[in-house]
Every structure is written in structure tokens, then in C-alpha cells.
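Colleague: My structure file work-v1.cif, mmCIF, C-alpha atoms, is below:
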data_target
loop_
_atom_site.group_PDB
_atom_site.id
_atom_site.type_symbol
_atom_site.label_atom_id
_atom_site.label_comp_id
_atom_site.auth_asym_id
_atom_site.auth_seq_id
_atom_site.Cartn_x
_atom_site.Cartn_y
_atom_site.Cartn_z
ATOM 1 C CA MET A 1 -131.363 221.601 -46.726
ATOM 2 C CA PHE A 2 -131.178 220.212 -43.201
ATOM 3 C CA SER A 3 -134.664 221.438 -42.352
ATOM 4 C CA ARG A 4 -136.095 219.807 -45.473
ATOM 5 C CA MET A 5 -134.390 216.515 -44.593
ATOM 6 C CA LEU A 6 -135.700 216.752 -41.051
ATOM 7 C CA LEU A 7 -139.188 217.557 -42.310
ATOM 8 C CA GLY A 8 -139.065 214.629 -44.729
ATOM 9 C CA LYS A 9 -138.012 212.247 -41.940
ATOM 10 C CA LEU A 10 -140.789 213.550 -39.689
ATOM 11 C CA MET A 11 -143.390 213.082 -42.454
ATOM 12 C CA ARG A 12 -142.238 209.498 -43.034
ATOM 13 C CA GLN A 13 -142.508 208.777 -39.306
ATOM 14 C CA LEU A 14 -145.995 210.278 -39.166
ATOM 15 C CA SER A 15 -147.004 208.206 -42.182
ATOM 16 C CA LEU A 16 -145.834 205.031 -40.465
ATOM 17 C CA VAL A 17 -147.740 205.947 -37.320
ATOM 18 C CA PHE A 18 -150.857 206.594 -39.400
ATOM 19 C CA LEU A 19 -150.546 203.270 -41.195
ATOM 20 C CA PHE A 20 -149.897 201.383 -37.975
ATOM 21 C CA CYS A 21 -152.819 202.959 -36.133
ATOM 22 C CA CYS A 22 -155.386 203.362 -38.842
ATOM 23 C CA THR A 23 -154.872 200.540 -41.373
ATOM 24 C CA PRO A 24 -157.018 198.052 -39.411
ATOM 25 C CA PHE A 25 -159.908 200.525 -39.504
ATOM 26 C CA LEU A 26 -159.418 201.487 -43.143
ATOM 27 C CA PHE A 27 -159.626 197.853 -44.211
ATOM 28 C CA ALA A 28 -162.103 196.620 -41.600
ATOM 29 C CA ASN A 29 -165.234 194.840 -42.731
ATOM 30 C CA THR A 30 -167.809 196.372 -40.409
ATOM 31 C CA GLY A 31 -171.079 194.731 -39.475
ATOM 32 C CA VAL A 32 -173.867 195.293 -36.977
ATOM 33 C CA ALA A 33 -175.932 192.803 -34.984
ATOM 34 C CA PHE A 34 -179.306 193.643 -33.433
ATOM 35 C CA VAL A 35 -179.939 191.682 -30.212
ATOM 36 C CA HIS A 36 -183.517 191.707 -28.886
ATOM 37 C CA GLY A 37 -184.668 191.622 -25.273
ATOM 38 C CA THR A 38 -186.854 189.277 -23.223
ATOM 39 C CA GLY A 39 -188.994 186.929 -25.292
ATOM 40 C CA SER A 40 -188.705 184.074 -27.752
ATOM 41 C CA GLN A 41 -188.291 185.645 -31.176
ATOM 42 C CA THR A 42 -188.600 184.163 -34.650
ATOM 43 C CA ASP A 43 -188.890 187.449 -36.590
ATOM 44 C CA ALA A 44 -187.306 190.119 -34.402
ATOM 45 C CA ARG A 45 -186.695 192.341 -37.434
ATOM 46 C CA ASN A 46 -190.428 192.970 -37.809
ATOM 47 C CA ASP A 47 -191.901 192.006 -34.454
ATOM 48 C CA TYR A 48 -189.360 193.491 -32.043
ATOM 49 C CA TRP A 49 -187.340 196.235 -33.748
ATOM 50 C CA THR A 50 -189.483 196.921 -36.834
ATOM 51 C CA ALA A 51 -188.025 196.980 -40.327
ATOM 52 C CA GLU A 52 -187.934 200.786 -40.487
ATOM 53 C CA MET A 53 -185.699 200.920 -37.395
ATOM 54 C CA ILE A 54 -183.318 198.253 -38.681
ATOM 55 C CA ASP A 55 -183.151 199.707 -42.176
ATOM 56 C CA SER A 56 -182.477 203.209 -40.875
ATOM 57 C CA VAL A 57 -179.621 202.148 -38.595
ATOM 58 C CA ARG A 58 -177.832 199.889 -41.072
ATOM 59 C CA GLN A 59 -177.464 202.737 -43.560
ATOM 60 C CA GLY A 60 -174.525 203.853 -41.416
ATOM 61 C CA LEU A 61 -172.511 200.836 -42.564
ATOM 62 C CA PRO A 62 -170.061 200.977 -45.476
ATOM 63 C CA ASN A 63 -171.995 197.945 -46.743
ATOM 64 C CA ALA A 64 -175.622 198.181 -45.593
ATOM 65 C CA ASN A 65 -176.071 194.435 -46.121
ATOM 66 C CA ASN A 66 -173.583 193.577 -43.369
ATOM 67 C CA TYR A 67 -176.185 193.194 -40.650
ATOM 68 C CA THR A 68 -177.930 190.449 -38.764
ATOM 69 C CA VAL A 69 -181.019 190.389 -36.560
ATOM 70 C CA ILE A 70 -180.818 187.826 -33.772
ATOM 71 C CA ASN A 71 -183.754 185.484 -33.104
ATOM 72 C CA CYS A 72 -183.310 183.497 -29.891
ATOM 73 C CA ASN A 73 -185.260 182.394 -26.837
ATOM 74 C CA PHE A 74 -184.473 185.041 -24.265
ATOM 75 C CA ASP A 75 -187.230 183.775 -22.005
ATOM 76 C CA LYS A 76 -184.534 181.418 -20.716
ATOM 77 C CA PHE A 77 -181.764 182.169 -18.224
ATOM 78 C CA MET A 78 -178.991 184.095 -19.933
ATOM 79 C CA TRP A 79 -176.416 181.280 -19.815
ATOM 80 C CA GLU A 80 -178.635 178.598 -21.351
ATOM 81 C CA SER A 81 -178.072 177.198 -24.829
ATOM 82 C CA ALA A 82 -181.350 178.686 -26.073
ATOM 83 C CA ALA A 83 -180.194 182.149 -24.937
ATOM 84 C CA ALA A 84 -176.418 182.815 -24.889
ATOM 85 C CA GLY A 85 -175.717 179.634 -26.851
ATOM 86 C CA CYS A 86 -178.147 180.657 -29.580
ATOM 87 C CA LEU A 87 -176.789 184.208 -29.597
ATOM 88 C CA ALA A 88 -173.207 182.962 -29.875
ATOM 89 C CA GLY A 89 -174.112 180.639 -32.723
ATOM 90 C CA GLN A 90 -175.889 183.301 -34.744
ATOM 91 C CA LEU A 91 -173.199 185.925 -34.127
ATOM 92 C CA LEU A 92 -170.400 183.568 -35.159
ATOM 93 C CA ASP A 93 -172.282 182.414 -38.254
ATOM 94 C CA PHE A 94 -172.712 186.064 -39.237
ATOM 95 C CA ILE A 95 -169.053 186.885 -38.591
ATOM 96 C CA ASN A 96 -167.844 183.912 -40.623
ATOM 97 C CA SER A 97 -170.324 184.154 -43.488
ATOM 98 C CA LYS A 98 -169.713 187.882 -44.041
ATOM 99 C CA GLY A 99 -166.037 187.979 -43.072
ATOM 100 C CA ILE A 100 -166.766 190.554 -40.371
ATOM 101 C CA THR A 101 -163.676 191.960 -38.657
ATOM 102 C CA ASP A 102 -165.337 194.895 -36.874
ATOM 103 C CA LEU A 103 -168.659 194.120 -35.189
ATOM 104 C CA VAL A 104 -170.916 196.611 -33.435
ATOM 105 C CA VAL A 105 -173.581 194.939 -31.311
ATOM 106 C CA ILE A 106 -176.802 196.818 -30.541
ATOM 107 C CA THR A 107 -178.761 195.274 -27.694
ATOM 108 C CA HIS A 108 -182.019 196.153 -26.014
ATOM 109 C CA SER A 109 -183.252 195.440 -22.487
ATOM 110 C CA ASN A 110 -182.427 191.893 -21.315
ATOM 111 C CA GLY A 111 -180.382 191.366 -24.467
ATOM 112 C CA GLY A 112 -177.687 193.383 -22.736
ATOM 113 C CA ASN A 113 -177.517 190.789 -19.953
ATOM 114 C CA VAL A 114 -177.200 187.890 -22.398
ATOM 115 C CA MET A 115 -174.469 189.773 -24.231
ATOM 116 C CA ARG A 116 -172.659 190.540 -20.979
ATOM 117 C CA TRP A 117 -172.733 186.845 -20.113
ATOM 118 C CA ILE A 118 -170.751 186.128 -23.281
ATOM 119 C CA LEU A 119 -168.321 188.986 -22.607
ATOM 120 C CA SER A 120 -167.842 187.970 -18.974
ATOM 121 C CA ASN A 121 -167.399 184.220 -19.344
ATOM 122 C CA PRO A 122 -165.005 183.565 -22.239
ATOM 123 C CA THR A 123 -164.112 180.066 -21.008
ATOM 124 C CA PHE A 124 -167.746 178.945 -20.792
ATOM 125 C CA ASP A 125 -168.034 178.323 -24.538
ATOM 126 C CA ALA A 126 -165.264 177.978 -27.136
ATOM 127 C CA ARG A 127 -167.157 180.315 -29.460
ATOM 128 C CA TYR A 128 -167.122 183.235 -27.041
ATOM 129 C CA PRO A 129 -163.468 184.329 -27.517
ATOM 130 C CA GLN A 130 -163.867 184.221 -31.308
ATOM 131 C CA ILE A 131 -166.832 186.570 -31.048
ATOM 132 C CA ILE A 132 -165.254 188.904 -28.498
ATOM 133 C CA SER A 133 -162.178 189.336 -30.688
ATOM 134 C CA LYS A 134 -164.321 190.812 -33.470
ATOM 135 C CA ILE A 135 -166.473 193.174 -31.382
ATOM 136 C CA ARG A 136 -165.662 196.872 -31.489
ATOM 137 C CA TRP A 137 -168.192 197.693 -28.766
ATOM 138 C CA VAL A 138 -171.703 197.019 -27.541
ATOM 139 C CA ASN A 139 -174.353 199.735 -27.603
ATOM 140 C CA ALA A 140 -176.770 198.723 -24.867
ATOM 141 C CA VAL A 141 -180.099 200.484 -25.333
ATOM 142 C CA ALA A 142 -182.256 200.448 -22.180
ATOM 143 C CA ALA A 143 -180.301 197.553 -20.686
ATOM 144 C CA SER A 144 -181.716 195.878 -17.565
ATOM 145 C CA SER A 145 -178.273 195.630 -15.996
ATOM 146 C CA LEU A 146 -179.434 195.920 -12.372
ATOM 147 C CA GLY A 147 -182.812 194.271 -12.900
ATOM 148 C CA THR A 148 -186.228 195.830 -12.365
ATOM 149 C CA PRO A 149 -188.767 195.946 -9.529
ATOM 150 C CA LEU A 150 -191.357 194.966 -12.130
ATOM 151 C CA ALA A 151 -189.804 191.505 -12.315
ATOM 152 C CA ASP A 152 -190.130 191.201 -8.537
ATOM 153 C CA ALA A 153 -193.776 192.235 -8.799
ATOM 154 C CA ALA A 154 -194.494 189.775 -11.588
ATOM 155 C CA VAL A 155 -192.850 186.870 -9.763
ATOM 156 C CA ALA A 156 -194.736 187.734 -6.578
ATOM 157 C CA GLY A 157 -197.947 187.258 -8.557
ATOM 158 C CA ASN A 158 -199.690 190.399 -7.353
ATOM 159 C CA ILE A 159 -202.190 192.497 -9.275
ATOM 160 C CA PHE A 160 -199.422 193.729 -11.550
ATOM 161 C CA GLU A 161 -199.115 190.297 -13.137
ATOM 162 C CA GLN A 162 -202.800 190.193 -14.001
ATOM 163 C CA ALA A 163 -203.004 193.792 -15.209
ATOM 164 C CA VAL A 164 -199.845 194.369 -17.248
ATOM 165 C CA GLY A 165 -197.748 191.224 -16.910
ATOM 166 C CA TRP A 166 -197.763 190.919 -20.703
ATOM 167 C CA LEU A 167 -194.973 193.502 -20.762
ATOM 168 C CA LEU A 168 -192.700 190.972 -19.085
ATOM 169 C CA GLY A 169 -193.954 187.598 -20.207
ATOM 170 C CA TYR A 170 -195.193 186.761 -16.697
ATOM 171 C CA THR A 171 -192.841 184.488 -14.775
ATOM 172 C CA SER A 172 -190.429 183.117 -17.354
ATOM 173 C CA ASP A 173 -186.871 182.317 -16.270
ATOM 174 C CA ALA A 174 -185.742 185.580 -17.852
ATOM 175 C CA VAL A 175 -188.194 187.533 -15.713
ATOM 176 C CA LYS A 176 -187.008 185.721 -12.589
ATOM 177 C CA GLN A 177 -183.446 186.519 -13.621
ATOM 178 C CA GLN A 178 -184.243 190.240 -13.816
ATOM 179 C CA GLN A 179 -185.422 190.498 -10.208
ATOM 180 C CA VAL A 180 -183.302 193.115 -8.472
ATOM 181 C CA SER A 181 -181.720 190.766 -5.910
ATOM 182 C CA TRP A 182 -181.044 188.092 -8.513
ATOM 183 C CA MET A 183 -179.269 190.543 -10.821
ATOM 184 C CA ALA A 184 -177.236 191.793 -7.860
ATOM 185 C CA PHE A 185 -176.053 188.217 -7.301
ATOM 186 C CA TYR A 186 -175.215 187.631 -10.971
ATOM 187 C CA ASN A 187 -173.422 190.970 -11.234
ATOM 188 C CA ALA A 188 -171.354 190.232 -8.133
ATOM 189 C CA ASN A 189 -170.353 186.743 -9.204
ATOM 190 C CA TYR A 190 -170.712 186.095 -12.925
ATOM 191 C CA LEU A 191 -170.967 189.318 -14.901
ATOM 192 C CA TYR A 192 -168.450 192.052 -15.644
ATOM 193 C CA GLY A 193 -169.036 195.755 -15.984
ATOM 194 C CA THR A 194 -170.832 196.804 -12.794
ATOM 195 C CA SER A 195 -169.367 198.742 -9.875
ATOM 196 C CA GLY A 196 -166.551 196.866 -8.158
ATOM 197 C CA ARG A 197 -166.296 194.254 -10.892
ATOM 198 C CA PRO A 198 -163.812 193.926 -13.779
ATOM 199 C CA ALA A 199 -164.634 195.865 -16.908
ATOM 200 C CA THR A 200 -166.034 194.050 -19.908
ATOM 201 C CA PRO A 201 -163.313 193.159 -22.457
ATOM 202 C CA VAL A 202 -164.906 195.520 -24.998
ATOM 203 C CA GLY A 203 -166.802 198.746 -24.409
ATOM 204 C CA PHE A 204 -170.363 198.426 -23.118
ATOM 205 C CA TYR A 205 -172.076 201.769 -23.668
ATOM 206 C CA SER A 206 -175.528 202.504 -22.264
ATOM 207 C CA LEU A 207 -178.203 204.623 -23.921
ATOM 208 C CA ILE A 208 -180.878 205.483 -21.368
ATOM 209 C CA GLY A 209 -184.589 206.260 -21.636
ATOM 210 C CA THR A 210 -185.890 208.549 -18.907
ATOM 211 C CA ASP A 211 -189.686 208.805 -19.058
ATOM 212 C CA VAL A 212 -192.986 207.717 -20.613
ATOM 213 C CA GLU A 213 -195.540 209.974 -22.264
ATOM 214 C CA SER A 214 -198.953 208.593 -23.189
ATOM 215 C CA SER A 215 -201.294 211.531 -23.615
ATOM 216 C CA PRO A 216 -203.867 210.783 -26.340
ATOM 217 C CA PHE A 217 -203.523 214.429 -27.402
ATOM 218 C CA ASP A 218 -199.755 214.212 -27.947
ATOM 219 C CA PRO A 219 -198.767 212.738 -31.344
ATOM 220 C CA ASP A 220 -195.397 211.707 -29.927
ATOM 221 C CA SER A 221 -197.156 209.286 -27.585
ATOM 222 C CA TYR A 222 -198.147 207.176 -30.591
ATOM 223 C CA CYS A 223 -194.577 206.505 -31.754
ATOM 224 C CA GLY A 224 -193.858 202.832 -31.250
ATOM 225 C CA GLY A 225 -197.478 202.017 -30.416
ATOM 226 C CA TYR A 226 -199.823 203.999 -28.209
ATOM 227 C CA THR A 227 -201.191 200.998 -26.306
ATOM 228 C CA LEU A 228 -197.713 199.862 -25.337
ATOM 229 C CA ASN A 229 -196.873 203.317 -24.051
ATOM 230 C CA VAL A 230 -200.070 203.407 -21.981
ATOM 231 C CA GLY A 231 -199.049 200.099 -20.395
ATOM 232 C CA LEU A 232 -195.599 201.488 -19.620
ATOM 233 C CA GLU A 233 -197.199 204.553 -18.040
ATOM 234 C CA VAL A 234 -198.983 202.177 -15.665
ATOM 235 C CA THR A 235 -195.878 200.156 -14.818
ATOM 236 C CA GLN A 236 -193.934 203.349 -14.171
ATOM 237 C CA GLU A 237 -195.799 203.568 -10.864
ATOM 238 C CA TRP A 238 -193.514 200.779 -9.585
ATOM 239 C CA LEU A 239 -190.371 202.682 -10.607
ATOM 240 C CA ASP A 240 -188.328 205.799 -9.891
ATOM 241 C CA ASN A 241 -189.179 209.152 -11.395
ATOM 242 C CA CYS A 242 -186.368 208.618 -13.866
ATOM 243 C CA SER A 243 -187.429 205.483 -15.695
ATOM 244 C CA ASP A 244 -188.609 204.318 -19.109
ATOM 245 C CA GLY A 245 -191.657 202.501 -17.785
ATOM 246 C CA PHE A 246 -189.837 199.197 -17.482
ATOM 247 C CA LEU A 247 -186.456 200.091 -16.005
ATOM 248 C CA ASP A 248 -185.132 202.686 -13.601
ATOM 249 C CA CYS A 249 -182.442 204.883 -15.120
ATOM 250 C CA SER A 250 -180.042 203.533 -12.477
ATOM 251 C CA SER A 251 -180.502 200.001 -13.808
ATOM 252 C CA GLN A 252 -179.940 201.105 -17.394
ATOM 253 C CA ALA A 253 -176.751 202.884 -16.297
ATOM 254 C CA GLY A 254 -175.621 200.047 -14.042
ATOM 255 C CA ALA A 255 -173.088 198.361 -16.318
ATOM 256 C CA GLY A 256 -170.314 199.695 -18.505
ATOM 257 C CA GLN A 257 -170.304 203.381 -19.283
ATOM 258 C CA VAL A 258 -173.173 205.799 -19.778
ATOM 259 C CA TRP A 259 -173.159 206.906 -23.397
ATOM 260 C CA LEU A 260 -176.284 209.065 -23.693
ATOM 261 C CA TYR A 261 -179.530 209.937 -21.971
ATOM 262 C CA ASP A 262 -182.452 210.513 -24.329
ATOM 263 C CA THR A 263 -182.642 214.146 -23.191
ATOM 264 C CA GLN A 264 -179.162 214.732 -24.625
ATOM 265 C CA PHE A 265 -180.295 214.242 -28.214
ATOM 266 C CA SER A 266 -184.089 214.617 -28.173
ATOM 267 C CA SER A 267 -186.734 216.930 -26.794
ATOM 268 C CA GLU A 268 -188.884 213.833 -26.200
ATOM 269 C CA PRO A 269 -188.132 211.039 -23.714
ATOM 270 C CA LEU A 270 -187.868 207.438 -24.873
ATOM 271 C CA SER A 271 -190.094 204.849 -23.266
ATOM 272 C CA HIS A 272 -188.836 201.279 -23.057
ATOM 273 C CA ASN A 273 -190.801 200.447 -26.166
ATOM 274 C CA GLN A 274 -189.799 203.541 -28.123
ATOM 275 C CA SER A 275 -186.064 202.974 -27.622
ATOM 276 C CA ARG A 276 -186.263 199.922 -29.909
ATOM 277 C CA ARG A 277 -188.235 201.756 -32.567
ATOM 278 C CA LYS A 278 -187.584 204.621 -34.967
ATOM 279 C CA CYS A 279 -188.594 207.301 -32.466
ATOM 280 C CA PHE A 280 -187.164 210.765 -31.787
ATOM 281 C CA GLY A 281 -183.828 210.200 -33.544
ATOM 282 C CA VAL A 282 -182.541 207.181 -31.628
ATOM 283 C CA ASP A 283 -182.079 205.412 -34.984
ATOM 284 C CA VAL A 284 -179.916 208.295 -36.224
ATOM 285 C CA ILE A 285 -177.747 208.169 -33.091
ATOM 286 C CA LEU A 286 -177.152 204.439 -33.561
ATOM 287 C CA ARG A 287 -176.621 204.846 -37.301
ATOM 288 C CA ASN A 288 -174.015 207.568 -36.909
ATOM 289 C CA ASP A 289 -172.146 205.489 -34.342
ATOM 290 C CA LEU A 290 -171.407 202.823 -36.927
#
Rewrite the coordinates I just gave you, this time as C-alpha cells.
Modeller:
Amino acid sequence: MFSRMLLGKLMRQLSLVFLFCCTPFLFANTGVAFVHGTGSQTDARNDYWTAEMIDSVRQGLPNANNYTVINCNFDKFMWESAAAGCLAGQLLDFINSKGITDLVVITHSNGGNVMRWILSNPTFDARYPQIISKIRWVNAVAASSLGTPLADAAVAGNIFEQAVGWLLGYTSDAVKQQQVSWMAFYNANYLYGTSGRPATPVGFYSLIGTDVESSPFDPDSYCGGYTLNVGLEVTQEWLDNCSDGFLDCSSQAGAGQVWLYDTQFSSEPLSHNQSRRKCFGVDVILRNDL
């Protein structure tokens, strides 16, 4: 009799713990936001991510219609109204219109820097805390957290700019911002998540591309666009051996926590272009994480 009473009391306590811990997740309204990288976008769904990538990832949601694709001018400095201000406005509109209580943000490249600006400067804009309070975590795919030597080369105006500067957009403010020394300054003074700095208020998890393959005889080289991969093979000459053709692995891993390297889930590396496309299972990884 005593043991049954004790067992019943224990079960009630465990039930309360379960309800306390898990109820917010059971009744959460989950959504996902796709945040593009450098460039001024008006149709990032088709022009930046591609519809097949977006539509694959969002199938991981309880309601596949709870998604938004951001279209902002990320050729500007990250703090400007056309960049972080635009991102904040579109995120908050999505949260409010869909009643989102649990938001996963998927960023790519320089989009990670714009997102980190919002996470790191909650008093800069009254909308920022409202957004942060709804974010579960940020999945930063190929984030340029420590900048890239390619931005230095483009700003210097050497042969790189003439040959393959189209990968960066030449010398926009966003490209200037991604110079290695400039990002070191921003990380040390204005952004959270890098070594020696406070952590971001929500998780910032990095997925890292490690190489570029562009052999015309390898079908995998055509995923995401063969010409783009050839260009990234050229730009890789400015980078470390571990790089995605645009960013060194160390830059991609420079903020938050390393989540995955491409080699941990695929037999093929992800170039900077392929990591925003439905290539080698990256869409499945992001889908399952929802």
C-alpha cells in the first residue's frame, strides 16, 4: 500500500515536471526565416536560395506554411535601416502575422553578421528584443563571422576585382564590412559570440563548408551551378586549404558554436554557393533541425 502511494506521488511529480518543461514546446507555433547573404534581394526565394531548397527545408515544420524568406539590401552596412532595420521589420511582421512563438532563423554568409547585429544590440532598435524573445536559435550556414581575405582583395582593386569580383558585388559597404580587420573591430566592439566576447542571447550554430569541386567530369560539381563553382575554385586561391571558396573555415566557425562540418554528413564538400542550395543533404539537415 505504501509503495503504491509513493509510486503515485512520484508519478504526479514527474507529470508536473513534464508539463512545466515541455508544455511551451508542445504548444509552440514554430516558424522558420531564411536570411540571405550579401546583395540586394527582391526575390531571394528563387534567386538566392532556390524554391526547391526552401520547399525542402520547410517540410520539417508542423505547419509548412509558417515560413518567410527575407528580401533586404545587404549591400549596406549591417546596422543600417536597409539591412538590420529591414530584417527586423520583416521578421517582426512574420512573427506577428503568423503568431510565431518559436522561430528558427537560417542565415547564409553575411546574413549571419546582420543577424548577429540584432542579437548583440538589443537597445539599438525597439523591435530587436521582441524578435530575440521568439528565437529558438540561429543556424548560420557559411557565416562570414571573421570576414574574408576576398573582401580585402576586392577593396584593394587588384586583378581579383576584375576577374571574379562579381562573387562579392565589388566594393559595396557590405564587402568593405567583411574585410578581415574590419570584422575584427566589429567583433571586438559591437558583436557578440566571438572569442572573448559575451555569448549571443540565443544559440548561434555554424554549419561549415570545407572545399570546392569544379571538375567538368564530376556531376556533383554542377549542383548549385557549375559556373559559380568554377568561380569559387578560382577565389579559393586567396584562402586556406579549408575553405568554401569564399570563406575560410576559421571564419565560418568564428562566432557561436560549431554545429557541423559538411564532411560530417556528406561525402561531398559544400562550396559557398552549394550551401544555400539543395546539395548533398544540407536541406535535410536543416529540415530535421526544425
Colleague: Give me, please, the distance in Å between CA of Gly224 (chain A) and CA of Asn241 (chain A), quoted to one decimal.
Modeller: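 Spanning CA of Gly224 (chain A) to CA of Asn241 (chain A) is a straight-line distance of 21.4 Å.
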Colleague: For the file shown, report as a VMD selection string the outcome of the PyMOL selection byres ((chain A and resi 233) around 12) at residue level.
Modeller: chain A and resid 164 167 211 to 215 221 226 to 232 234 to 239 241 243 to 247 270 to 273
Colleague: For Ser251 (chain A), which residue out of A:Arg277, A:Pro216, A:Glu80, A:Ser206 is the nearest one, using all atoms listed in the file?
Modeller: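 Under the stated criterion, the closest residue is A:Ser206.
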Colleague: Can you tell me how far CA of Asp289 (chain A) sits from CA of Leu87 (chain A), in Å to one decimal?
Modeller: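 Those two atoms sit 22.3 Å apart.
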Colleague: Could you tell me, as a list of chain:residue names, exactly which residues end up selected when the PyMOL selection byres ((chain A and resi 31-42) around 6) is applied to this structure?
Modeller: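 Selected by the PyMOL selection byres ((chain A and resi 31-42) around 6) here: A:Thr30, A:Asp43, A:Ala44, A:Asn66, A:Tyr67, A:Thr68, A:Val69, A:Ile70, A:Asn71, A:Cys72, A:Asn73, A:Phe74, A:Asp75, A:Leu103, A:Val104, A:Val105, A:Ile106, A:Thr107, A:His108, A:Ser109, A:Asn110, A:Gly111.
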Colleague: Written as a PDB file with C-alpha atoms, keeping the file's coordinate frame, which residues does the PyMOL selection byres ((chain A and resi 56-62) around 8) give for the file shown?
Modeller:
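The resulting file, expr_4.pdb, is reproduced below:
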ATOM      1  CA  THR A  30    -167.809 196.372 -40.409  1.00  0.00           C
ATOM      2  CA  GLY A  31    -171.079 194.731 -39.475  1.00  0.00           C
ATOM      3  CA  VAL A  32    -173.867 195.293 -36.977  1.00  0.00           C
ATOM      4  CA  GLU A  52    -187.934 200.786 -40.487  1.00  0.00           C
ATOM      5  CA  MET A  53    -185.699 200.920 -37.395  1.00  0.00           C
ATOM      6  CA  ILE A  54    -183.318 198.253 -38.681  1.00  0.00           C
ATOM      7  CA  ASP A  55    -183.151 199.707 -42.176  1.00  0.00           C
ATOM      8  CA  ASN A  63    -171.995 197.945 -46.743  1.00  0.00           C
ATOM      9  CA  ALA A  64    -175.622 198.181 -45.593  1.00  0.00           C
ATOM     10  CA  ASN A  65    -176.071 194.435 -46.121  1.00  0.00           C
ATOM     11  CA  ASN A  66    -173.583 193.577 -43.369  1.00  0.00           C
ATOM     12  CA  TYR A  67    -176.185 193.194 -40.650  1.00  0.00           C
ATOM     13  CA  LYS A 278    -187.584 204.621 -34.967  1.00  0.00           C
ATOM     14  CA  ASP A 283    -182.079 205.412 -34.984  1.00  0.00           C
ATOM     15  CA  VAL A 284    -179.916 208.295 -36.224  1.00  0.00           C
ATOM     16  CA  LEU A 286    -177.152 204.439 -33.561  1.00  0.00           C
ATOM     17  CA  ARG A 287    -176.621 204.846 -37.301  1.00  0.00           C
ATOM     18  CA  ASN A 288    -174.015 207.568 -36.909  1.00  0.00           C
ATOM     19  CA  ASP A 289    -172.146 205.489 -34.342  1.00  0.00           C
ATOM     20  CA  LEU A 290    -171.407 202.823 -36.927  1.00  0.00           C
TER      21      LEU A 290
END
Colleague: Rounded to one decimal, what separation in Å do you get between CA of Trp259 (chain A) and CA of Phe94 (chain A)?
Modeller: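 Going from CA of Trp259 (chain A) over to CA of Phe94 (chain A), I get 26.2 Å.
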Colleague: Name the closest residue to Ala184 (chain A) among the candidates A:Met115, A:Ala255, A:Val155, A:Val138; distances are taken between atoms, counting all atoms listed in the file.
Modeller: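 Of A:Met115, A:Ala255, A:Val155, A:Val138, the one nearest Ala184 (chain A) is A:Ala255, counting all atoms listed in the file.
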Colleague: Have a look at A:Val175, A:Leu260, A:Met78, A:Ile135 and name the one nearest to Pro149 (chain A); count all atoms listed in the file.
Modeller: A:Val175
Colleague: Looking at A:Ser120, A:Tyr205, A:Leu91, A:Arg276, which one is nearest to Asn189 (chain A), with distances taken over all atoms listed in the file?
Modeller: A:Ser120
Colleague: I'd like to know which of A:Ser195, A:Gln252, A:Asn46, A:Asn139 is closest to Val282 (chain A), using all atoms listed in the file.
Modeller: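 The answer is A:Asn139, which sits nearest to Val282 (chain A).
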Colleague: Closest to Asn113 (chain A) among A:Ala174, A:Leu92, A:Ile131, A:Ala188, using all atoms listed in the file?
Modeller: A:Ala174
Colleague: Give me the residues near Ser181 (chain A) as a PyMOL selection string, where near means some atom within 10 Å (using all atoms listed in the file) and where sequence neighbours in that chain fewer than 2 positions away do not count.
Modeller: chain A and resi 146-149+152+176-179+183-187
Colleague: Next, the residues of the selection above should be written as a PDB file, keeping the file's coordinate frame with C-alpha atoms.
Modeller:
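That gives us selection17.pdb:
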ATOM      1  CA  LEU A 146    -179.434 195.920 -12.372  1.00  0.00           C
ATOM      2  CA  GLY A 147    -182.812 194.271 -12.900  1.00  0.00           C
ATOM      3  CA  THR A 148    -186.228 195.830 -12.365  1.00  0.00           C
ATOM      4  CA  PRO A 149    -188.767 195.946  -9.529  1.00  0.00           C
ATOM      5  CA  ASP A 152    -190.130 191.201  -8.537  1.00  0.00           C
ATOM      6  CA  LYS A 176    -187.008 185.721 -12.589  1.00  0.00           C
ATOM      7  CA  GLN A 177    -183.446 186.519 -13.621  1.00  0.00           C
ATOM      8  CA  GLN A 178    -184.243 190.240 -13.816  1.00  0.00           C
ATOM      9  CA  GLN A 179    -185.422 190.498 -10.208  1.00  0.00           C
ATOM     10  CA  MET A 183    -179.269 190.543 -10.821  1.00  0.00           C
ATOM     11  CA  ALA A 184    -177.236 191.793  -7.860  1.00  0.00           C
ATOM     12  CA  PHE A 185    -176.053 188.217  -7.301  1.00  0.00           C
ATOM     13  CA  TYR A 186    -175.215 187.631 -10.971  1.00  0.00           C
ATOM     14  CA  ASN A 187    -173.422 190.970 -11.234  1.00  0.00           C
TER      15      ASN A 187
END
Colleague: Using all atoms listed in the file and a cutoff of 8 Å, can you tell me which residues are near (-172.2, 187.9, -25.9) in the file's coordinates, and write them out as a VMD selection string?
Modeller: chain A and resid 84 87 to 88 114 to 119 128 131 to 132
